[in-house]
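Participant: Before we start, here is the structure in question, set down as structure tokens.
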Amino acid sequence: MTLHIFDRQMRRGAKADTSGARVERAGPVVRQVGGDDDWNGILWSDLDAAGADAAIAEQVAYFGRLGRTFEWKLYSHDQPADLGERLVRAGFTPEEPETLMVGRIGELHLDGEPPAGVRLRAVDDAAGVELMMAVHAQAFGGDGSLVRHQLLAQLAERPEELVAVVAMAGEEPVSAARMQLHPGTGFASLWSGGTVAAWRGRGLYRWLVAHRARLAAERGYAYLQVDAAPTSRPILARLGFAALATTTPYLSP
């Protein structure tokens, strides 16, 4: 039942994540369309074997006319069952799969304390965003420009839908995480939880999950959702999250 609610509220009924993007419902496909610095992609689809290839070609052509690359966010229960294979044949490249994990906040194990000397700093300005990006660069590598753009846009436009924090050891940022609130749904999404290598294994990830869960509960949300990497999945399972599906990003030609 939770998976059905997730699909209905978070995928079929999705709202754009920045003011520069829009969500469109094009027949059996729900997509987000934005600028170069926005996330562009397919959020949900309701396809069958007879029409899947034509629907894929239609989306490739649509985003191509806009000059946009995009991501088809595929879930393991999406139909037809060979949709991933069809995307590959159409020129898409799969990235590493993640596990969709959902926890009912009232049933999670939200204990844990931060290491001595570590404090939280709320990310509510550009300086906080840069502290967060410093953690991301060490924890995940990569560019990070899309996350930076999203954070700055949300702080400027819809700060009430964002919770972002950095764990500071003195003046050093050592862990960071954010939470996206989804008004009109029962879900808050956890993203970007990362810790620099020297501080891993000290409970920071667990502590930041608990912190965000309590804030979500105070604001009336019932569920937390995470696209969990293999390193995060066992921690989340111990906290009481359940694995509902896998999700794989397929990048367009």
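Following the order of the structure tokens, chains are lettered A, B, ..., residues in each are numbered from 1, and ligands are numbered from 1.
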List every residue of region 171-242 of chain A that has an atom at most 7 Å from any atom of region 85-108 of chain A, and for each one report the closest atom pair and its distance in Å to one decimal, counting only C-alpha atoms, with rows sorted by chain and then by increasing residue number, as CSV.
Facilitator:
residue,atom,partner,partner_atom,distance
A:Ala213,CA,A:Ile105,CA,6.5
A:Ala217,CA,A:Ile105,CA,6.8
A:Ala222,CA,A:Ile105,CA,5.7
A:Tyr223,CA,A:Arg104,CA,4.6
A:Leu224,CA,A:Gly103,CA,5.3
A:Gln225,CA,A:Val102,CA,4.5
A:Val226,CA,A:Met101,CA,5.2
A:Asp227,CA,A:Leu100,CA,4.8
A:Ala228,CA,A:Thr99,CA,4.9
A:Ala229,CA,A:Glu98,CA,5.2
A:Leu239,CA,A:Leu108,CA,5.6
A:Gly240,CA,A:Leu108,CA,4.9
A:Phe241,CA,A:Gly103,CA,4.2
A:Ala242,CA,A:Met101,CA,5.3
Participant: Export, as a CSV table (one decimal), in the first residue's frame, the selected residues with all heavy atoms.
Facilitator:
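What follows is the written file result-v3.csv:
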chain,number,residue,atom,x,y,z
A,213,ALA,N,14.0,13.6,10.7
A,213,ALA,CA,12.7,12.9,10.9
A,213,ALA,C,11.9,13.7,11.9
A,213,ALA,O,10.7,13.8,11.8
A,213,ALA,CB,13.0,11.5,11.4
A,217,ALA,N,8.2,15.3,11.3
A,217,ALA,CA,7.0,14.9,12.2
A,217,ALA,C,6.4,16.2,12.7
A,217,ALA,O,5.1,16.3,12.8
A,217,ALA,CB,7.5,14.0,13.3
A,222,ALA,N,4.1,12.1,7.5
A,222,ALA,CA,4.0,10.7,8.0
A,222,ALA,C,5.1,9.8,7.6
A,222,ALA,O,5.4,8.9,8.3
A,222,ALA,CB,2.6,10.1,7.6
A,223,TYR,N,5.7,10.1,6.4
A,223,TYR,CA,6.7,9.2,5.9
A,223,TYR,C,8.0,9.9,5.5
A,223,TYR,O,7.9,11.1,5.1
A,223,TYR,CB,6.2,8.5,4.6
A,223,TYR,CG,4.9,7.7,4.7
A,223,TYR,CD1,3.7,8.2,4.4
A,223,TYR,CD2,4.9,6.4,5.2
A,223,TYR,CE1,2.5,7.5,4.5
A,223,TYR,CE2,3.8,5.6,5.3
A,223,TYR,CZ,2.6,6.2,5.0
A,223,TYR,OH,1.4,5.5,5.1
A,224,LEU,N,9.1,9.2,5.6
A,224,LEU,CA,10.3,9.6,5.0
A,224,LEU,C,10.7,8.7,3.9
A,224,LEU,O,10.5,7.5,4.0
A,224,LEU,CB,11.4,9.6,6.1
A,224,LEU,CG,11.4,10.6,7.2
A,224,LEU,CD1,12.6,10.4,8.1
A,224,LEU,CD2,11.4,12.1,6.7
A,225,GLN,N,11.2,9.3,2.8
A,225,GLN,CA,11.6,8.5,1.6
A,225,GLN,C,13.1,8.8,1.3
A,225,GLN,O,13.5,9.9,1.4
A,225,GLN,CB,10.7,8.9,0.4
A,225,GLN,CG,11.2,8.3,-0.9
A,225,GLN,CD,11.9,9.3,-1.7
A,225,GLN,OE1,11.5,10.5,-1.8
A,225,GLN,NE2,12.9,8.8,-2.4
A,226,VAL,N,13.8,7.7,1.0
A,226,VAL,CA,15.2,7.8,0.6
A,226,VAL,C,15.5,7.0,-0.6
A,226,VAL,O,15.0,5.8,-0.7
A,226,VAL,CB,16.1,7.4,1.8
A,226,VAL,CG1,17.6,7.7,1.4
A,226,VAL,CG2,15.7,8.0,3.1
A,227,ASP,N,16.2,7.5,-1.6
A,227,ASP,CA,16.9,6.7,-2.6
A,227,ASP,C,18.2,6.3,-2.1
A,227,ASP,O,19.2,7.1,-2.1
A,227,ASP,CB,17.0,7.5,-3.9
A,227,ASP,CG,15.6,7.7,-4.6
A,227,ASP,OD1,14.6,7.1,-4.2
A,227,ASP,OD2,15.6,8.5,-5.5
A,228,ALA,N,18.3,5.1,-1.5
A,228,ALA,CA,19.5,4.7,-0.7
A,228,ALA,C,20.6,4.1,-1.5
A,228,ALA,O,20.3,3.1,-2.3
A,228,ALA,CB,19.0,3.8,0.4
A,229,ALA,N,21.8,4.5,-1.3
A,229,ALA,CA,23.0,3.8,-1.9
A,229,ALA,C,23.2,2.6,-1.0
A,229,ALA,O,22.8,2.5,0.1
A,229,ALA,CB,24.2,4.8,-1.8
A,239,LEU,N,17.2,1.6,11.3
A,239,LEU,CA,16.4,2.7,11.8
A,239,LEU,C,14.9,2.4,11.6
A,239,LEU,O,14.0,3.0,12.2
A,239,LEU,CB,16.7,4.0,11.2
A,239,LEU,CG,18.1,4.6,11.5
A,239,LEU,CD1,18.3,5.8,10.6
A,239,LEU,CD2,18.2,4.9,13.0
A,240,GLY,N,14.6,1.4,10.8
A,240,GLY,CA,13.2,1.0,10.6
A,240,GLY,C,12.6,1.3,9.2
A,240,GLY,O,11.4,1.1,9.0
A,241,PHE,N,13.5,1.7,8.3
A,241,PHE,CA,13.0,1.9,6.9
A,241,PHE,C,12.8,0.5,6.2
A,241,PHE,O,13.6,-0.4,6.5
A,241,PHE,CB,14.0,2.7,6.1
A,241,PHE,CG,14.0,4.2,6.5
A,241,PHE,CD1,14.6,4.6,7.6
A,241,PHE,CD2,13.5,5.1,5.6
A,241,PHE,CE1,14.7,6.0,7.9
A,241,PHE,CE2,13.5,6.5,5.9
A,241,PHE,CZ,14.1,6.9,7.0
A,242,ALA,N,11.9,0.5,5.3
A,242,ALA,CA,11.6,-0.7,4.5
A,242,ALA,C,12.0,-0.5,3.1
A,242,ALA,O,11.8,0.6,2.5
A,242,ALA,CB,10.2,-1.1,4.6
Participant: Could you please write out, as a ChimeraX atom specification, every residue of region 22-203 of chain A that DSSP assigns to helix (DSSP H, G or I)?
Facilitator: /A:52-66,83-89,105-107,126-139,145-157,159-161,197-199
Participant: Leaving out Ala126 (chain A) and any residue of its chain fewer than 3 positions from it, which residues lie within 9 Å of it when counting only C-alpha atoms, given as a list of chain:residue names?
Facilitator: A:Val123, A:Val129, A:Glu130, A:Leu131, A:Leu151, A:Leu152, A:Leu155
Participant: Based on DSSP run over this structure's backbone, return all residues of region 113-145 of chain A in strand (DSSP E or B), as a PDB file with all heavy atoms, in the first residue's frame.
Facilitator:
ATOM      1  N   VAL A 118      30.683  18.231  18.108  1.00  0.00           N
ATOM      2  CA  VAL A 118      30.045  18.450  16.804  1.00  0.00           C
ATOM      3  C   VAL A 118      28.714  19.164  17.012  1.00  0.00           C
ATOM      4  O   VAL A 118      27.928  18.795  17.885  1.00  0.00           O
ATOM      5  CB  VAL A 118      29.834  17.114  16.064  1.00  0.00           C
ATOM      6  CG1 VAL A 118      29.054  17.348  14.765  1.00  0.00           C
ATOM      7  CG2 VAL A 118      31.166  16.454  15.767  1.00  0.00           C
ATOM      8  N   ARG A 119      28.484  20.177  16.222  1.00  0.00           N
ATOM      9  CA  ARG A 119      27.240  20.939  16.301  1.00  0.00           C
ATOM     10  C   ARG A 119      26.611  21.037  14.918  1.00  0.00           C
ATOM     11  O   ARG A 119      27.284  20.812  13.899  1.00  0.00           O
ATOM     12  CB  ARG A 119      27.513  22.350  16.846  1.00  0.00           C
ATOM     13  CG  ARG A 119      28.472  23.146  15.959  1.00  0.00           C
ATOM     14  CD  ARG A 119      28.783  24.524  16.513  1.00  0.00           C
ATOM     15  NE  ARG A 119      29.822  25.199  15.724  1.00  0.00           N
ATOM     16  CZ  ARG A 119      29.593  25.900  14.619  1.00  0.00           C
ATOM     17  NH1 ARG A 119      28.341  26.032  14.168  1.00  0.00           N
ATOM     18  NH2 ARG A 119      30.586  26.476  13.950  1.00  0.00           N
ATOM     19  N   LEU A 120      25.335  21.372  14.892  1.00  0.00           N
ATOM     20  CA  LEU A 120      24.630  21.542  13.624  1.00  0.00           C
ATOM     21  C   LEU A 120      24.574  23.010  13.236  1.00  0.00           C
ATOM     22  O   LEU A 120      24.326  23.884  14.076  1.00  0.00           O
ATOM     23  CB  LEU A 120      23.194  21.005  13.737  1.00  0.00           C
ATOM     24  CG  LEU A 120      22.980  19.513  13.544  1.00  0.00           C
ATOM     25  CD1 LEU A 120      21.489  19.209  13.570  1.00  0.00           C
ATOM     26  CD2 LEU A 120      23.585  19.023  12.246  1.00  0.00           C
ATOM     27  N   ARG A 121      24.784  23.254  11.959  1.00  0.00           N
ATOM     28  CA  ARG A 121      24.578  24.580  11.384  1.00  0.00           C
ATOM     29  C   ARG A 121      23.509  24.488  10.318  1.00  0.00           C
ATOM     30  O   ARG A 121      23.605  23.693   9.387  1.00  0.00           O
ATOM     31  CB  ARG A 121      25.869  25.117  10.746  1.00  0.00           C
ATOM     32  CG  ARG A 121      25.729  26.552  10.204  1.00  0.00           C
ATOM     33  CD  ARG A 121      26.722  26.799   9.088  1.00  0.00           C
ATOM     34  NE  ARG A 121      26.869  28.183   8.703  1.00  0.00           N
ATOM     35  CZ  ARG A 121      26.054  28.845   7.874  1.00  0.00           C
ATOM     36  NH1 ARG A 121      24.986  28.233   7.354  1.00  0.00           N
ATOM     37  NH2 ARG A 121      26.289  30.110   7.554  1.00  0.00           N
ATOM     38  N   ALA A 122      22.462  25.270  10.467  1.00  0.00           N
ATOM     39  CA  ALA A 122      21.409  25.282   9.463  1.00  0.00           C
ATOM     40  C   ALA A 122      21.942  25.924   8.181  1.00  0.00           C
ATOM     41  O   ALA A 122      22.675  26.912   8.221  1.00  0.00           O
ATOM     42  CB  ALA A 122      20.201  26.055   9.964  1.00  0.00           C
TER      43      ALA A 122
END
Participant: Which one is closest to Arg206 (chain A): A:Tyr221, A:Gly112, A:Glu171, A:Asp125? Count only C-alpha atoms.
Facilitator: A:Gly112
Participant: Mind giving me the straight-line distance from CA of Ala177 (chain A) to CA of Ser192 (chain A) in Å, one decimal?
Facilitator: 5.1 Å
Participant: Report as a list in words all protein, DNA and RNA residues lying within 10 Å of Pro183 (chain A), evaluated on only C-alpha atoms, omitting residues in the same chain fewer than 3 positions from it.
Facilitator: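 Counting only C-alpha atoms, the residues come to Lys15, Glu160, Glu161, Gln180, Gly186, Phe187, Ala188, Arg219, Gly220 and Tyr221 of chain A.
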Participant: Can you write out as a Markdown table which residues of region 135-249 of chain A fall within 10 Å of region 38-59 of chain A, alongside each residue's closest atom pair and its distance in Å to one decimal, counting only C-alpha atoms and ordering rows by chain and ascending residue number?
Facilitator:
| residue | atom | partner | partner_atom | distance |
| --- | --- | --- | --- | --- |
| A:Leu146 | CA | A:Asp38 | CA | 6.8 |
| A:Val147 | CA | A:Asp38 | CA | 9.2 |
| A:His149 | CA | A:Asp38 | CA | 7.7 |
| A:Gln150 | CA | A:Asp38 | CA | 7.3 |
| A:Ala153 | CA | A:Asp38 | CA | 9.9 |
| A:Pro249 | CA | A:Gly41 | CA | 9.4 |
Participant: Would you save the residues of that selection, restricted to N, CA, C and O atoms, as an mmCIF file, in the first residue's frame?
Facilitator:
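Below is the file selection.cif, written as the result:
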data_model
loop_
_atom_site.group_PDB
_atom_site.id
_atom_site.type_symbol
_atom_site.label_atom_id
_atom_site.label_comp_id
_atom_site.auth_asym_id
_atom_site.auth_seq_id
_atom_site.Cartn_x
_atom_site.Cartn_y
_atom_site.Cartn_z
ATOM 1 N N LEU A 146 24.550 21.036 -9.957
ATOM 2 C CA LEU A 146 23.093 20.916 -9.971
ATOM 3 C C LEU A 146 22.536 21.046 -8.560
ATOM 4 O O LEU A 146 21.541 21.742 -8.336
ATOM 5 N N VAL A 147 23.169 20.378 -7.589
ATOM 6 C CA VAL A 147 22.716 20.470 -6.199
ATOM 7 C C VAL A 147 22.848 21.907 -5.698
ATOM 8 O O VAL A 147 21.944 22.442 -5.044
ATOM 9 N N HIS A 149 22.764 24.673 -7.432
ATOM 10 C CA HIS A 149 21.704 25.468 -8.059
ATOM 11 C C HIS A 149 20.363 25.214 -7.389
ATOM 12 O O HIS A 149 19.616 26.165 -7.093
ATOM 13 N N GLN A 150 20.034 23.960 -7.134
ATOM 14 C CA GLN A 150 18.753 23.638 -6.515
ATOM 15 C C GLN A 150 18.640 24.243 -5.119
ATOM 16 O O GLN A 150 17.599 24.797 -4.747
ATOM 17 N N ALA A 153 18.260 28.074 -5.336
ATOM 18 C CA ALA A 153 16.939 28.423 -5.857
ATOM 19 C C ALA A 153 15.862 28.202 -4.803
ATOM 20 O O ALA A 153 14.970 29.045 -4.619
ATOM 21 N N PRO A 249 18.553 5.435 -12.559
ATOM 22 C CA PRO A 249 18.517 6.547 -13.514
ATOM 23 C C PRO A 249 19.049 6.077 -14.867
ATOM 24 O O PRO A 249 20.137 5.502 -14.943
#
Participant: Just want the 12 Å neighbourhood of region 165-168 of chain A, counted on only C-alpha atoms, with same-chain residues fewer than 2 positions away dropped. Output as a VMD selection string.
Facilitator: chain A and resid 114 to 125 127 to 136 151 162 to 163 170 to 179 190 to 196 199 203 to 205 207 to 209 211 to 212 215
Participant: Could you give me, as a PDB file with N, CA, C and O atoms, in the first residue's frame, the residues within 7 Å of Ser76 (chain A), counting only C-alpha atoms and dropping anything in the same chain fewer than 5 positions from it?
Facilitator:
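Output contents, as saved in part_3.pdb:
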ATOM      1  N   ALA A 245      11.424  -0.896  -3.446  1.00  0.00           N
ATOM      2  CA  ALA A 245      11.732  -1.089  -4.869  1.00  0.00           C
ATOM      3  C   ALA A 245      13.171  -0.659  -5.092  1.00  0.00           C
ATOM      4  O   ALA A 245      13.821  -0.147  -4.184  1.00  0.00           O
ATOM      5  N   THR A 246      13.656  -0.879  -6.296  1.00  0.00           N
ATOM      6  CA  THR A 246      14.914  -0.264  -6.714  1.00  0.00           C
ATOM      7  C   THR A 246      14.592   0.808  -7.750  1.00  0.00           C
ATOM      8  O   THR A 246      13.574   0.735  -8.446  1.00  0.00           O
ATOM      9  N   THR A 247      15.456   1.790  -7.849  1.00  0.00           N
ATOM     10  CA  THR A 247      15.277   2.848  -8.827  1.00  0.00           C
ATOM     11  C   THR A 247      16.618   3.081  -9.526  1.00  0.00           C
ATOM     12  O   THR A 247      17.665   3.152  -8.887  1.00  0.00           O
TER      13      THR A 247
END
